[in-house]
Amino acid sequence: MTEKTDWTKSSWRNFTALQQPNWPDEAKVDEVLQTISNLPPLVFAGEIRDLKLQLAKASAGEAFLLQGGDCSEEFARCTAPNIRETLKVLLQMAVILTYAGGKPVVKVGRIAGQYAKPRSSDTEMVNGMEIPSYRGDMVNSVEPTPEARIPNPENMLKGYYLAASTLNLLRAFTRGGFAALHRVQAWNQEFVKQSPMGRSYERLAKQISQAINFMQTIGIPTDTPQFRQAQFFTSHEALLLGYEEALTREDSTTGGWYDCSAHMLWIGDRTRQIDGAHIEFLRGVLNPVGMKVGPRHDIDEILAIIEKLNPDNEPGRMTLITRFGAREIEKYLPPLLRAIKKEGINVVWSCDPMHANIRKTRSGHKTRSFDDILSELRCFFELHWAEGTVPGGVHFELTGDDVTECTGGARQLLDDQLGENYLTTCDPRLNAEQSLEMAFQIAEMIRS
Ligand code: PEP
Ligand code: MN
């Protein structure tokens, strides 16, 4: 294995870190981080290794990655119903995609730590007043006042505890019968019954039920973990490097360093500078790492970053999450696919059809349309198939709530209906129905 020269969990401090909060009191930051570094890890090295193996399969086309959750989790919405509904929708999507794709679906939530946000501008105008931007609940508060926007280091500690609490419930739900296959499928049937587009999803839903019934009929035991439990992993953007460092621990069995704040971490499109602190930090931890790639990228730099993050070309280590937008994916994805393929680099190719499809409505809501999202996804699959590369996963901002944040879908949500239940503090999410529809639509594309 390549020696990780000069890396320590603190070496990122010698590099420039973009998108870090302007903490008013550095001594307080150090104190909080010291406290977190003495608290237990949130996830374990063995689980992280397991995810990496599953992602290695996804890079080879033998599994499929489904990653999704809030753009930005909120402390105030860390409740049992919210966690349950997000998990539920991801489990439902996973069953549909597993059946249609004929391969295991690796389920990764944007959850239990997705509390910090990069922003395009340090300040925003609210009611004629310029105030610091909201940077996620781990940094400051969303209320539009100058006071609420002062970064508070204590929020990192609170975020740690809420992530622990979220994970605890996720583990209970996924192990304790909530995720049982027949239950998840019953929810899917319920969805199909209620959806205005139900008829077009009915056939697939029926086939899944028949497959489950068949297994029961011939006496395959269904009280096994395969039927009654789900494996669910967590992820968030590794943005606040102090927090990530405080949860980075040396694995007692292998001596490797793991960032135990989540199973998978990703680097945002705004913080992936090759000589920046985020790349420096992530190159030394052994977790699976995602990297967002938007239209403004340089292919040679992407190759150089991958070489830095994954010098041994280990399958499952790197996921490239492309987010080019429905209008630009045809321009940007093929050259990138060819360059990576030519170098023989192992990556999971995942599509984030959310982040380059944002628009603002006349009433000022940030939204995305179901059709744009679907259109980017469709291009993603087709371009991969044309190039002979593997479309290995999808990345969504979604919620189990009945929100009105993205337009379109079977209920044909319009711009002027967005105000009805627009809850997000950051980017617009697919609601539960739109998410399931998206899964049925992808299912049609990938049916083997
Ligand atoms: C996000 O995933 O919420 C995000 C900010 O993405 P990106 O880095 O791709 O803009
Ligand atoms: Mn977002």
# chains A, B, ... in the order shown; residues from 1 in each chain; ligands from 1

call {"tool": "residues_around", "arguments": {"residues": "Val106 in chain A", "least_positions_apart": "3", "cutoff": "6 Å", "atoms": "only C-alpha atoms", "output": "list in words"}}
result
Phe64, Leu65 and Leu66 of chain A

call {"tool": "write_last_selection", "arguments": {"atoms": "N, CA, C and O atoms", "output": "tab-separated table (two decimals), in the first residue's frame"}}
result
chain	number	residue	atom	x	y	z
A	64	PHE	N	-25.68	-1.36	-6.79
A	64	PHE	CA	-26.10	-0.02	-7.22
A	64	PHE	C	-26.24	0.85	-5.97
A	64	PHE	O	-26.83	0.45	-4.97
A	65	LEU	N	-25.66	2.04	-6.03
A	65	LEU	CA	-25.67	2.95	-4.88
A	65	LEU	C	-26.91	3.86	-4.91
A	65	LEU	O	-27.16	4.53	-5.91
A	66	LEU	N	-27.63	3.87	-3.80
A	66	LEU	CA	-28.73	4.83	-3.64
A	66	LEU	C	-28.39	5.71	-2.43
A	66	LEU	O	-28.32	5.22	-1.31

call {"tool": "closest_atom_pairs", "arguments": {"of": "range 8-39 of chain A", "to": "range 120-134 of chain A", "cutoff": "12 Å", "atoms": "only C-alpha atoms", "output": "JSON lines"}}
result
{"residue": "A:Leu18", "atom": "CA", "partner": "A:Ser120", "partner_atom": "CA", "distance": 11.1}
{"residue": "A:Gln19", "atom": "CA", "partner": "A:Asp122", "partner_atom": "CA", "distance": 8.7}
{"residue": "A:Gln20", "atom": "CA", "partner": "A:Asp122", "partner_atom": "CA", "distance": 10.3}
{"residue": "A:Pro21", "atom": "CA", "partner": "A:Asp122", "partner_atom": "CA", "distance": 9.4}
{"residue": "A:Asn22", "atom": "CA", "partner": "A:Pro132", "partner_atom": "CA", "distance": 9.8}

call {"tool": "write_last_selection", "arguments": {"atoms": "C-alpha atoms", "output": "PDB file, in the first residue's frame"}}
result
ATOM      1  CA  LEU A  18     -12.486  27.107   2.157  1.00  0.00           C
ATOM      2  CA  GLN A  19     -16.037  27.453   3.476  1.00  0.00           C
ATOM      3  CA  GLN A  20     -15.077  27.383   7.152  1.00  0.00           C
ATOM      4  CA  PRO A  21     -17.142  29.427   9.618  1.00  0.00           C
ATOM      5  CA  ASN A  22     -15.791  32.638  11.031  1.00  0.00           C
TER       6      ASN A  22
END

call {"tool": "residues_around", "arguments": {"residues": "range 326-340 of chain A", "least_positions_apart": "4", "cutoff": "9 Å", "atoms": "only C-alpha atoms", "output": "MDAnalysis selection string"}}
result
chainID A and resid 294:295 299:300 302:303 322 344:347 349 353 356:357 372:377 379:380 383:384 387 389

call {"tool": "residues_near_ligand", "arguments": {"ligand": "ligand 2", "cutoff": "7 Å", "atoms": "only C-alpha atoms and all ligand atoms", "output": "ChimeraX atom specification"}}
result
/A:71-72,355,397,426-427

call {"tool": "residues_near_ligand", "arguments": {"ligand": "ligand 1", "cutoff": "6 Å", "atoms": "only C-alpha atoms and all ligand atoms", "output": "list in words"}}
result
Cys71, Pro118, Gly268, Asp269, Arg270, Lys292 and His355 of chain A

call {"tool": "write_last_selection", "arguments": {"atoms": "C-alpha atoms", "output": "PDB file, in the first residue's frame"}}
result
ATOM      1  CA  CYS A  71     -29.928  18.937   1.703  1.00  0.00           C
ATOM      2  CA  PRO A 118     -21.087  25.430   1.821  1.00  0.00           C
ATOM      3  CA  GLY A 268     -18.373  19.304  -2.258  1.00  0.00           C
ATOM      4  CA  ASP A 269     -17.910  20.931  -5.614  1.00  0.00           C
ATOM      5  CA  ARG A 270     -16.705  24.094  -3.859  1.00  0.00           C
ATOM      6  CA  LYS A 292     -18.967  16.158  -6.452  1.00  0.00           C
ATOM      7  CA  HIS A 355     -27.617  20.500  -7.777  1.00  0.00           C
TER       8      HIS A 355
END

call {"tool": "residues_around", "arguments": {"residues": "range 101-105 of chain A", "least_positions_apart": "6", "cutoff": "12 Å", "atoms": "only C-alpha atoms", "output": "compact mmCIF listing (two decimals) with all heavy atoms, in the first residue's frame"}}
result
# COMPACT_ATOMS: atom_id res chain seq x y z
N LEU A 51 -18.96 -1.17 3.82
CA LEU A 51 -19.51 -0.29 2.79
C LEU A 51 -18.55 -0.20 1.61
O LEU A 51 -18.97 -0.23 0.44
CB LEU A 51 -19.78 1.12 3.36
CG LEU A 51 -20.19 2.18 2.32
CD1 LEU A 51 -21.48 1.78 1.60
CD2 LEU A 51 -20.36 3.56 2.97
N GLN A 54 -18.94 -3.07 -0.62
CA GLN A 54 -20.18 -3.00 -1.41
C GLN A 54 -20.06 -1.96 -2.53
O GLN A 54 -20.58 -2.16 -3.63
CB GLN A 54 -21.36 -2.69 -0.50
CG GLN A 54 -21.59 -3.81 0.50
CD GLN A 54 -22.86 -3.64 1.31
OE1 GLN A 54 -23.82 -3.04 0.85
NE2 GLN A 54 -22.87 -4.18 2.51
N LEU A 55 -19.36 -0.87 -2.25
CA LEU A 55 -19.17 0.13 -3.30
C LEU A 55 -18.21 -0.39 -4.38
O LEU A 55 -18.34 -0.02 -5.56
CB LEU A 55 -18.66 1.45 -2.70
CG LEU A 55 -19.71 2.20 -1.86
CD1 LEU A 55 -19.08 3.40 -1.16
CD2 LEU A 55 -20.89 2.65 -2.72
N LYS A 57 -18.27 -3.30 -5.43
CA LYS A 57 -19.18 -4.04 -6.33
C LYS A 57 -19.95 -3.08 -7.23
O LYS A 57 -20.15 -3.35 -8.41
CB LYS A 57 -20.16 -4.88 -5.50
CG LYS A 57 -19.46 -6.00 -4.77
CD LYS A 57 -20.42 -7.08 -4.34
CE LYS A 57 -19.63 -8.26 -3.79
NZ LYS A 57 -20.08 -8.67 -2.46
N ALA A 58 -20.35 -1.94 -6.66
CA ALA A 58 -21.09 -0.97 -7.49
C ALA A 58 -20.20 -0.45 -8.61
O ALA A 58 -20.66 -0.21 -9.73
CB ALA A 58 -21.59 0.18 -6.62
N ALA A 60 -18.10 -2.07 -10.18
CA ALA A 60 -17.99 -3.12 -11.20
C ALA A 60 -19.35 -3.47 -11.81
O ALA A 60 -19.46 -4.41 -12.61
CB ALA A 60 -17.37 -4.37 -10.57
N GLY A 61 -20.39 -2.75 -11.41
CA GLY A 61 -21.71 -3.02 -11.96
C GLY A 61 -22.43 -4.18 -11.30
O GLY A 61 -23.43 -4.69 -11.79
N GLU A 62 -21.94 -4.59 -10.11
CA GLU A 62 -22.58 -5.73 -9.43
C GLU A 62 -23.43 -5.27 -8.25
O GLU A 62 -23.93 -6.09 -7.48
CB GLU A 62 -21.50 -6.70 -8.93
CG GLU A 62 -20.76 -7.38 -10.06
CD GLU A 62 -19.37 -7.85 -9.63
OE1 GLU A 62 -19.11 -7.89 -8.41
OE2 GLU A 62 -18.57 -8.14 -10.53
N ALA A 63 -23.56 -3.99 -8.06
CA ALA A 63 -24.43 -3.42 -7.02
C ALA A 63 -24.75 -2.01 -7.49
O ALA A 63 -24.18 -1.52 -8.47
CB ALA A 63 -23.73 -3.40 -5.66
N PHE A 64 -25.68 -1.36 -6.79
CA PHE A 64 -26.10 -0.02 -7.22
C PHE A 64 -26.24 0.85 -5.97
O PHE A 64 -26.83 0.45 -4.97
CB PHE A 64 -27.43 -0.11 -7.96
CG PHE A 64 -27.83 1.17 -8.64
CD1 PHE A 64 -27.23 1.56 -9.82
CD2 PHE A 64 -28.82 1.99 -8.10
CE1 PHE A 64 -27.58 2.76 -10.46
CE2 PHE A 64 -29.20 3.17 -8.72
CZ PHE A 64 -28.57 3.55 -9.90
N LEU A 65 -25.66 2.04 -6.03
CA LEU A 65 -25.67 2.95 -4.88
C LEU A 65 -26.91 3.86 -4.91
O LEU A 65 -27.16 4.53 -5.91
CB LEU A 65 -24.40 3.81 -4.91
CG LEU A 65 -24.35 5.03 -3.97
CD1 LEU A 65 -24.35 4.60 -2.51
CD2 LEU A 65 -23.12 5.89 -4.27
N LEU A 66 -27.63 3.87 -3.80
CA LEU A 66 -28.73 4.83 -3.64
C LEU A 66 -28.39 5.71 -2.43
O LEU A 66 -28.32 5.22 -1.31
CB LEU A 66 -30.06 4.11 -3.38
CG LEU A 66 -31.23 5.01 -2.95
CD1 LEU A 66 -31.62 5.97 -4.06
CD2 LEU A 66 -32.43 4.16 -2.53
N GLN A 67 -28.13 6.98 -2.70
CA GLN A 67 -27.74 7.90 -1.62
C GLN A 67 -28.77 9.03 -1.59
O GLN A 67 -29.09 9.59 -2.63
CB GLN A 67 -26.34 8.45 -1.92
CG GLN A 67 -25.72 9.23 -0.79
CD GLN A 67 -24.26 9.62 -1.09
OE1 GLN A 67 -23.82 9.53 -2.23
NE2 GLN A 67 -23.53 10.04 -0.08
N LEU A 90 -36.43 5.75 1.48
CA LEU A 90 -35.21 5.18 0.89
C LEU A 90 -35.32 3.65 0.79
O LEU A 90 -34.89 3.05 -0.21
CB LEU A 90 -33.98 5.58 1.71
CG LEU A 90 -33.53 7.04 1.52
CD1 LEU A 90 -32.54 7.46 2.59
CD2 LEU A 90 -32.91 7.26 0.13
N LEU A 91 -35.91 3.03 1.79
CA LEU A 91 -36.07 1.57 1.73
C LEU A 91 -37.02 1.18 0.60
O LEU A 91 -36.78 0.21 -0.13
CB LEU A 91 -36.62 1.04 3.07
CG LEU A 91 -35.71 1.13 4.29
CD1 LEU A 91 -36.47 0.73 5.55
CD2 LEU A 91 -34.47 0.25 4.12
N GLN A 92 -38.08 1.96 0.45
CA GLN A 92 -39.03 1.67 -0.63
C GLN A 92 -38.37 1.81 -1.99
O GLN A 92 -38.54 0.98 -2.88
CB GLN A 92 -40.23 2.63 -0.54
CG GLN A 92 -41.15 2.34 0.62
CD GLN A 92 -42.33 3.29 0.62
OE1 GLN A 92 -42.34 4.27 1.37
NE2 GLN A 92 -43.33 3.04 -0.19
N MET A 93 -37.61 2.88 -2.16
CA MET A 93 -36.91 3.09 -3.43
C MET A 93 -35.94 1.93 -3.69
O MET A 93 -35.81 1.44 -4.81
CB MET A 93 -36.12 4.41 -3.41
CG MET A 93 -36.99 5.65 -3.36
SD MET A 93 -36.00 7.14 -3.05
CE MET A 93 -35.38 7.49 -4.70
N ALA A 94 -35.27 1.51 -2.62
CA ALA A 94 -34.27 0.45 -2.77
C ALA A 94 -34.89 -0.86 -3.25
O ALA A 94 -34.32 -1.55 -4.09
CB ALA A 94 -33.53 0.25 -1.45
N VAL A 95 -36.07 -1.18 -2.73
CA VAL A 95 -36.72 -2.44 -3.15
C VAL A 95 -37.05 -2.38 -4.65
O VAL A 95 -36.80 -3.32 -5.40
CB VAL A 95 -37.99 -2.71 -2.32
CG1 VAL A 95 -38.84 -3.83 -2.94
CG2 VAL A 95 -37.61 -3.10 -0.90
N LEU A 204 -44.98 -3.30 -12.27
CA LEU A 204 -43.71 -3.58 -11.59
C LEU A 204 -43.97 -3.93 -10.13
O LEU A 204 -43.41 -4.90 -9.59
CB LEU A 204 -42.78 -2.37 -11.71
CG LEU A 204 -41.39 -2.55 -11.13
CD1 LEU A 204 -40.65 -3.68 -11.82
CD2 LEU A 204 -40.59 -1.26 -11.28
N ILE A 208 -43.04 -7.46 -8.11
CA ILE A 208 -42.22 -7.57 -6.88
C ILE A 208 -42.99 -8.41 -5.85
O ILE A 208 -42.44 -9.31 -5.23
CB ILE A 208 -41.86 -6.18 -6.31
CG1 ILE A 208 -41.08 -5.36 -7.36
CG2 ILE A 208 -41.07 -6.30 -5.02
CD1 ILE A 208 -40.78 -3.91 -6.96
N GLN A 226 -31.90 -11.40 5.81
CA GLN A 226 -32.07 -10.92 4.43
C GLN A 226 -33.49 -10.39 4.21
O GLN A 226 -33.71 -9.48 3.43
CB GLN A 226 -31.82 -12.03 3.40
CG GLN A 226 -30.38 -12.40 3.22
CD GLN A 226 -29.92 -13.44 4.23
OE1 GLN A 226 -30.57 -13.65 5.25
NE2 GLN A 226 -28.80 -14.07 3.96
N ALA A 230 -32.36 -4.51 7.13
CA ALA A 230 -31.71 -3.81 6.01
C ALA A 230 -30.39 -3.26 6.52
O ALA A 230 -30.25 -2.95 7.70
CB ALA A 230 -32.59 -2.67 5.52
N GLN A 231 -29.44 -3.18 5.62
CA GLN A 231 -28.18 -2.54 5.98
C GLN A 231 -28.25 -1.11 5.48
O GLN A 231 -28.55 -0.87 4.31
CB GLN A 231 -27.03 -3.29 5.31
CG GLN A 231 -25.79 -3.25 6.14
CD GLN A 231 -24.67 -4.06 5.54
OE1 GLN A 231 -24.82 -4.64 4.47
NE2 GLN A 231 -23.54 -4.09 6.22
N PHE A 232 -28.00 -0.20 6.36
CA PHE A 232 -28.17 1.21 6.02
C PHE A 232 -26.93 1.97 6.49
O PHE A 232 -26.50 1.82 7.63
CB PHE A 232 -29.43 1.75 6.71
CG PHE A 232 -29.84 3.10 6.24
CD1 PHE A 232 -30.57 3.26 5.06
CD2 PHE A 232 -29.50 4.24 6.97
CE1 PHE A 232 -30.95 4.52 4.62
CE2 PHE A 232 -29.88 5.50 6.53
CZ PHE A 232 -30.61 5.64 5.35
N PHE A 233 -26.36 2.76 5.62
CA PHE A 233 -25.15 3.50 5.96
C PHE A 233 -25.44 5.00 6.01
O PHE A 233 -26.43 5.47 5.45
CB PHE A 233 -24.06 3.22 4.92
CG PHE A 233 -23.66 1.78 4.83
CD1 PHE A 233 -24.19 0.94 3.85
CD2 PHE A 233 -22.76 1.23 5.75
CE1 PHE A 233 -23.83 -0.40 3.77
CE2 PHE A 233 -22.39 -0.10 5.68
CZ PHE A 233 -22.92 -0.92 4.69
N PRO A 391 -23.01 3.00 -14.94
CA PRO A 391 -23.75 3.97 -14.12
C PRO A 391 -24.05 3.31 -12.78
O PRO A 391 -24.94 2.47 -12.66
CB PRO A 391 -25.03 4.21 -14.93
CG PRO A 391 -25.18 2.99 -15.81
CD PRO A 391 -23.84 2.32 -15.93
N GLY A 392 -23.29 3.68 -11.76
CA GLY A 392 -23.30 2.90 -10.52
C GLY A 392 -24.16 3.40 -9.40
O GLY A 392 -24.31 2.72 -8.38
N GLY A 393 -24.76 4.60 -9.57
CA GLY A 393 -25.56 5.07 -8.45
C GLY A 393 -26.25 6.39 -8.70
O GLY A 393 -26.02 7.05 -9.72
N VAL A 394 -27.08 6.77 -7.74
CA VAL A 394 -27.82 8.02 -7.82
C VAL A 394 -27.80 8.72 -6.46
O VAL A 394 -27.67 8.06 -5.42
CB VAL A 394 -29.29 7.80 -8.26
CG1 VAL A 394 -29.37 7.52 -9.76
CG2 VAL A 394 -29.95 6.67 -7.48
N ALA A 439 -38.03 6.56 -8.40
CA ALA A 439 -37.51 5.18 -8.37
C ALA A 439 -38.19 4.32 -9.44
O ALA A 439 -37.52 3.54 -10.12
CB ALA A 439 -37.72 4.58 -6.98
N PHE A 440 -39.50 4.47 -9.59
CA PHE A 440 -40.20 3.69 -10.62
C PHE A 440 -39.72 4.08 -12.02
O PHE A 440 -39.59 3.24 -12.90
CB PHE A 440 -41.71 3.87 -10.51
CG PHE A 440 -42.35 2.93 -9.51
CD1 PHE A 440 -42.81 3.40 -8.29
CD2 PHE A 440 -42.49 1.58 -9.78
CE1 PHE A 440 -43.40 2.54 -7.36
CE2 PHE A 440 -43.08 0.70 -8.87
CZ PHE A 440 -43.53 1.19 -7.65
N ILE A 442 -36.70 5.29 -12.80
CA ILE A 442 -35.35 4.72 -13.00
C ILE A 442 -35.49 3.22 -13.26
O ILE A 442 -34.78 2.65 -14.10
CB ILE A 442 -34.44 4.97 -11.77
CG1 ILE A 442 -34.29 6.46 -11.51
CG2 ILE A 442 -33.07 4.34 -11.96
CD1 ILE A 442 -33.58 6.79 -10.20
N ALA A 443 -36.40 2.60 -12.53
CA ALA A 443 -36.61 1.15 -12.70
C ALA A 443 -36.90 0.82 -14.16
O ALA A 443 -36.36 -0.13 -14.72
CB ALA A 443 -37.75 0.68 -11.80
N GLU A 444 -37.73 1.64 -14.77
CA GLU A 444 -38.05 1.40 -16.18
C GLU A 444 -36.79 1.48 -17.05
O GLU A 444 -36.63 0.75 -18.01
CB GLU A 444 -39.09 2.41 -16.68
CG GLU A 444 -40.51 2.08 -16.29
CD GLU A 444 -40.92 0.64 -16.65
OE1 GLU A 444 -40.57 0.19 -17.75
OE2 GLU A 444 -41.55 -0.03 -15.80
N MET A 445 -35.90 2.43 -16.68
CA MET A 445 -34.69 2.60 -17.51
C MET A 445 -33.73 1.43 -17.35
O MET A 445 -33.05 1.06 -18.30
CB MET A 445 -33.92 3.87 -17.07
CG MET A 445 -34.64 5.16 -17.26
SD MET A 445 -33.54 6.47 -16.61
CE MET A 445 -34.74 7.62 -16.00
N ILE A 446 -33.63 0.89 -16.14
CA ILE A 446 -32.57 -0.08 -15.89
C ILE A 446 -33.03 -1.53 -15.90
O ILE A 446 -32.24 -2.43 -15.65
CB ILE A 446 -31.85 0.18 -14.54
CG1 ILE A 446 -32.82 0.05 -13.36
CG2 ILE A 446 -31.19 1.55 -14.53
CD1 ILE A 446 -32.14 0.14 -11.99
N ARG A 447 -34.30 -1.76 -16.17
CA ARG A 447 -34.81 -3.13 -16.09
C ARG A 447 -33.94 -4.07 -16.89
O ARG A 447 -33.66 -3.86 -18.04
CB ARG A 447 -36.23 -3.19 -16.60
CG ARG A 447 -37.20 -2.70 -15.56
CD ARG A 447 -38.58 -3.06 -15.91
NE ARG A 447 -38.80 -4.44 -15.61
CZ ARG A 447 -39.99 -4.93 -15.28
NH1 ARG A 447 -41.02 -4.15 -15.24
NH2 ARG A 447 -40.13 -6.19 -15.02
N SER A 448 -33.51 -5.12 -16.19
CA SER A 448 -32.58 -6.03 -16.86
C SER A 448 -33.37 -7.13 -17.58
O SER A 448 -34.52 -7.31 -17.37
CB SER A 448 -31.63 -6.63 -15.83
OG SER A 448 -32.31 -6.94 -14.67

call {"tool": "closest_residue", "arguments": {"among": "A:Thr399, A:Gln194, A:Thr16, A:Asn38", "to": "Ala246 in chain A", "atoms": "only C-alpha atoms"}}
result
A:Asn38

call {"tool": "residues_around", "arguments": {"residues": "Thr367 in chain A", "least_positions_apart": "5", "cutoff": "12 Å", "atoms": "only C-alpha atoms", "output": "tab-separated table (two decimals) with N, CA and C atoms, in the first residue's frame"}}
result
chain	number	residue	atom	x	y	z
A	354	MET	N	-29.69	16.84	-8.89
A	354	MET	CA	-30.34	17.91	-8.15
A	354	MET	C	-29.61	19.25	-8.29
A	355	HIS	N	-28.30	19.23	-8.06
A	355	HIS	CA	-27.62	20.50	-7.78
A	355	HIS	C	-27.36	21.42	-8.95
A	356	ALA	N	-27.47	20.91	-10.16
A	356	ALA	CA	-27.31	21.84	-11.29
A	356	ALA	C	-28.65	22.08	-11.98
A	357	ASN	N	-29.71	21.72	-11.32
A	357	ASN	CA	-31.04	21.95	-11.90
A	357	ASN	C	-31.89	22.87	-11.03
A	358	ILE	N	-31.23	23.80	-10.37
A	358	ILE	CA	-31.96	24.71	-9.48
A	358	ILE	C	-32.41	25.95	-10.24
A	359	ARG	N	-33.60	26.40	-9.96
A	359	ARG	CA	-34.03	27.69	-10.52
A	359	ARG	C	-34.85	28.41	-9.45
A	360	LYS	N	-34.99	29.70	-9.63
A	360	LYS	CA	-35.77	30.50	-8.69
A	360	LYS	C	-37.08	30.88	-9.32
A	361	THR	N	-38.17	30.74	-8.59
A	361	THR	CA	-39.47	31.11	-9.15
A	361	THR	C	-39.69	32.61	-8.95
A	362	ARG	N	-40.76	33.10	-9.55
A	362	ARG	CA	-41.05	34.53	-9.42
A	362	ARG	C	-41.34	34.91	-7.98
A	372	ASP	N	-36.71	17.95	-15.12
A	372	ASP	CA	-35.27	18.21	-15.30
A	372	ASP	C	-34.44	17.14	-14.59
A	373	ILE	N	-34.88	16.78	-13.40
A	373	ILE	CA	-34.15	15.78	-12.62
A	373	ILE	C	-34.15	14.45	-13.39
A	397	GLU	N	-31.63	14.70	-3.14
A	397	GLU	CA	-32.09	15.40	-1.95
A	397	GLU	C	-33.59	15.13	-1.85
A	403	VAL	N	-43.71	17.55	1.43
A	403	VAL	CA	-43.37	18.96	1.20
A	403	VAL	C	-43.68	19.38	-0.24
A	404	THR	N	-43.70	20.67	-0.46
A	404	THR	CA	-43.88	21.20	-1.82
A	404	THR	C	-42.67	22.05	-2.14
A	405	GLU	N	-41.62	21.40	-2.57
A	405	GLU	CA	-40.36	22.12	-2.83
A	405	GLU	C	-39.88	21.95	-4.26
A	406	CYS	N	-40.13	20.78	-4.85
A	406	CYS	CA	-39.80	20.55	-6.26
A	406	CYS	C	-41.11	20.54	-7.05
A	407	THR	N	-41.07	21.09	-8.24
A	407	THR	CA	-42.29	21.12	-9.06
A	407	THR	C	-42.43	19.82	-9.85
A	408	GLY	N	-43.64	19.59	-10.36
A	408	GLY	CA	-43.88	18.44	-11.23
A	408	GLY	C	-44.18	17.17	-10.46
A	413	LEU	N	-47.18	19.45	-9.44
A	413	LEU	CA	-47.03	20.62	-8.58
A	413	LEU	C	-46.52	21.82	-9.39
A	414	LEU	N	-47.18	22.94	-9.23
A	414	LEU	CA	-46.83	24.13	-10.01
A	414	LEU	C	-46.05	25.14	-9.16
A	415	ASP	N	-45.40	26.05	-9.84
A	415	ASP	CA	-44.62	27.09	-9.15
A	415	ASP	C	-45.43	27.78	-8.04
A	416	ASP	N	-46.68	28.13	-8.37
A	416	ASP	CA	-47.42	28.92	-7.38
A	416	ASP	C	-48.00	28.06	-6.25
A	417	GLN	N	-47.73	26.76	-6.26
A	417	GLN	CA	-48.15	25.92	-5.13
A	417	GLN	C	-47.00	25.65	-4.16
A	418	LEU	N	-45.81	26.13	-4.52
A	418	LEU	CA	-44.64	25.79	-3.69
A	418	LEU	C	-44.75	26.31	-2.27
A	419	GLY	N	-45.46	27.43	-2.11
A	419	GLY	CA	-45.59	28.02	-0.77
A	419	GLY	C	-46.41	27.17	0.20
A	422	TYR	N	-43.47	24.53	2.02
A	422	TYR	CA	-42.07	24.68	1.63
A	422	TYR	C	-41.25	24.77	2.91
A	423	LEU	N	-40.57	23.70	3.30
A	423	LEU	CA	-39.93	23.64	4.62
A	423	LEU	C	-38.42	23.70	4.61
A	424	THR	N	-37.81	23.42	3.47
A	424	THR	CA	-36.35	23.29	3.49
A	424	THR	C	-35.66	24.60	3.88
A	426	CYS	N	-32.55	24.94	2.99
A	426	CYS	CA	-31.48	25.10	2.01
A	426	CYS	C	-32.01	24.76	0.63
A	427	ASP	N	-31.68	23.58	0.09
A	427	ASP	CA	-32.14	23.25	-1.27
A	427	ASP	C	-33.46	22.48	-1.25
A	428	PRO	N	-34.24	22.60	-2.34
A	428	PRO	CA	-35.53	21.90	-2.43
A	428	PRO	C	-35.37	20.39	-2.59
A	429	ARG	N	-36.22	19.65	-1.87
A	429	ARG	CA	-36.14	18.18	-1.86
A	429	ARG	C	-37.34	17.57	-2.57
A	430	LEU	N	-37.14	16.39	-3.11
A	430	LEU	CA	-38.27	15.62	-3.61
A	430	LEU	C	-39.08	15.19	-2.40

call {"tool": "closest_residue", "arguments": {"among": "A:Glu437, A:Glu301, A:Glu31, A:Glu47", "to": "Asp371 in chain A", "atoms": "only C-alpha atoms"}}
result
A:Glu437

call {"tool": "atom_distance", "arguments": {"atom1": "CA of Trp23 in chain A", "atom2": "CA of Pro144 in chain A"}}
result
18.1 Å

call {"tool": "closest_atom_pairs", "arguments": {"of": "range 303-330 of chain A", "to": "range 281-286 of chain A", "cutoff": "8 Å", "atoms": "only C-alpha atoms", "output": "CSV"}}
result
residue,atom,partner,partner_atom,distance
A:Lys308,CA,A:Arg283,CA,6.5
A:Leu309,CA,A:Arg283,CA,4.5
A:Asn310,CA,A:Arg283,CA,7.4
A:Arg317,CA,A:Leu286,CA,7.8

call {"tool": "write_last_selection", "arguments": {"atoms": "all heavy atoms", "output": "tab-separated table (two decimals), in the first residue's frame"}}
result
chain	number	residue	atom	x	y	z
A	308	LYS	N	-4.40	11.45	-5.76
A	308	LYS	CA	-4.04	11.83	-4.40
A	308	LYS	C	-4.90	11.08	-3.36
A	308	LYS	O	-4.43	10.64	-2.33
A	308	LYS	CB	-4.25	13.33	-4.23
A	308	LYS	CG	-3.28	13.97	-3.30
A	308	LYS	CD	-3.26	15.49	-3.49
A	308	LYS	CE	-2.41	16.08	-2.39
A	308	LYS	NZ	-2.31	17.53	-2.48
A	309	LEU	N	-6.20	10.97	-3.68
A	309	LEU	CA	-7.12	10.36	-2.72
A	309	LEU	C	-7.07	8.83	-2.77
A	309	LEU	O	-7.37	8.16	-1.78
A	309	LEU	CB	-8.56	10.80	-3.00
A	309	LEU	CG	-8.90	12.27	-2.69
A	309	LEU	CD1	-10.28	12.61	-3.22
A	309	LEU	CD2	-8.84	12.52	-1.18
A	310	ASN	N	-6.71	8.30	-3.93
A	310	ASN	CA	-6.76	6.85	-4.07
A	310	ASN	C	-5.58	6.33	-4.90
A	310	ASN	O	-5.75	5.77	-5.97
A	310	ASN	CB	-8.09	6.47	-4.76
A	310	ASN	CG	-8.38	4.98	-4.68
A	310	ASN	OD1	-7.78	4.26	-3.86
A	310	ASN	ND2	-9.28	4.51	-5.53
A	317	ARG	N	-13.24	2.91	-3.00
A	317	ARG	CA	-12.75	4.09	-2.27
A	317	ARG	C	-13.37	5.38	-2.82
A	317	ARG	O	-13.77	6.26	-2.09
A	317	ARG	CB	-11.22	4.13	-2.37
A	317	ARG	CG	-10.58	5.47	-2.13
A	317	ARG	CD	-10.57	5.86	-0.66
A	317	ARG	NE	-9.66	6.98	-0.42
A	317	ARG	CZ	-9.61	7.69	0.69
A	317	ARG	NH1	-10.44	7.41	1.68
A	317	ARG	NH2	-8.76	8.67	0.84
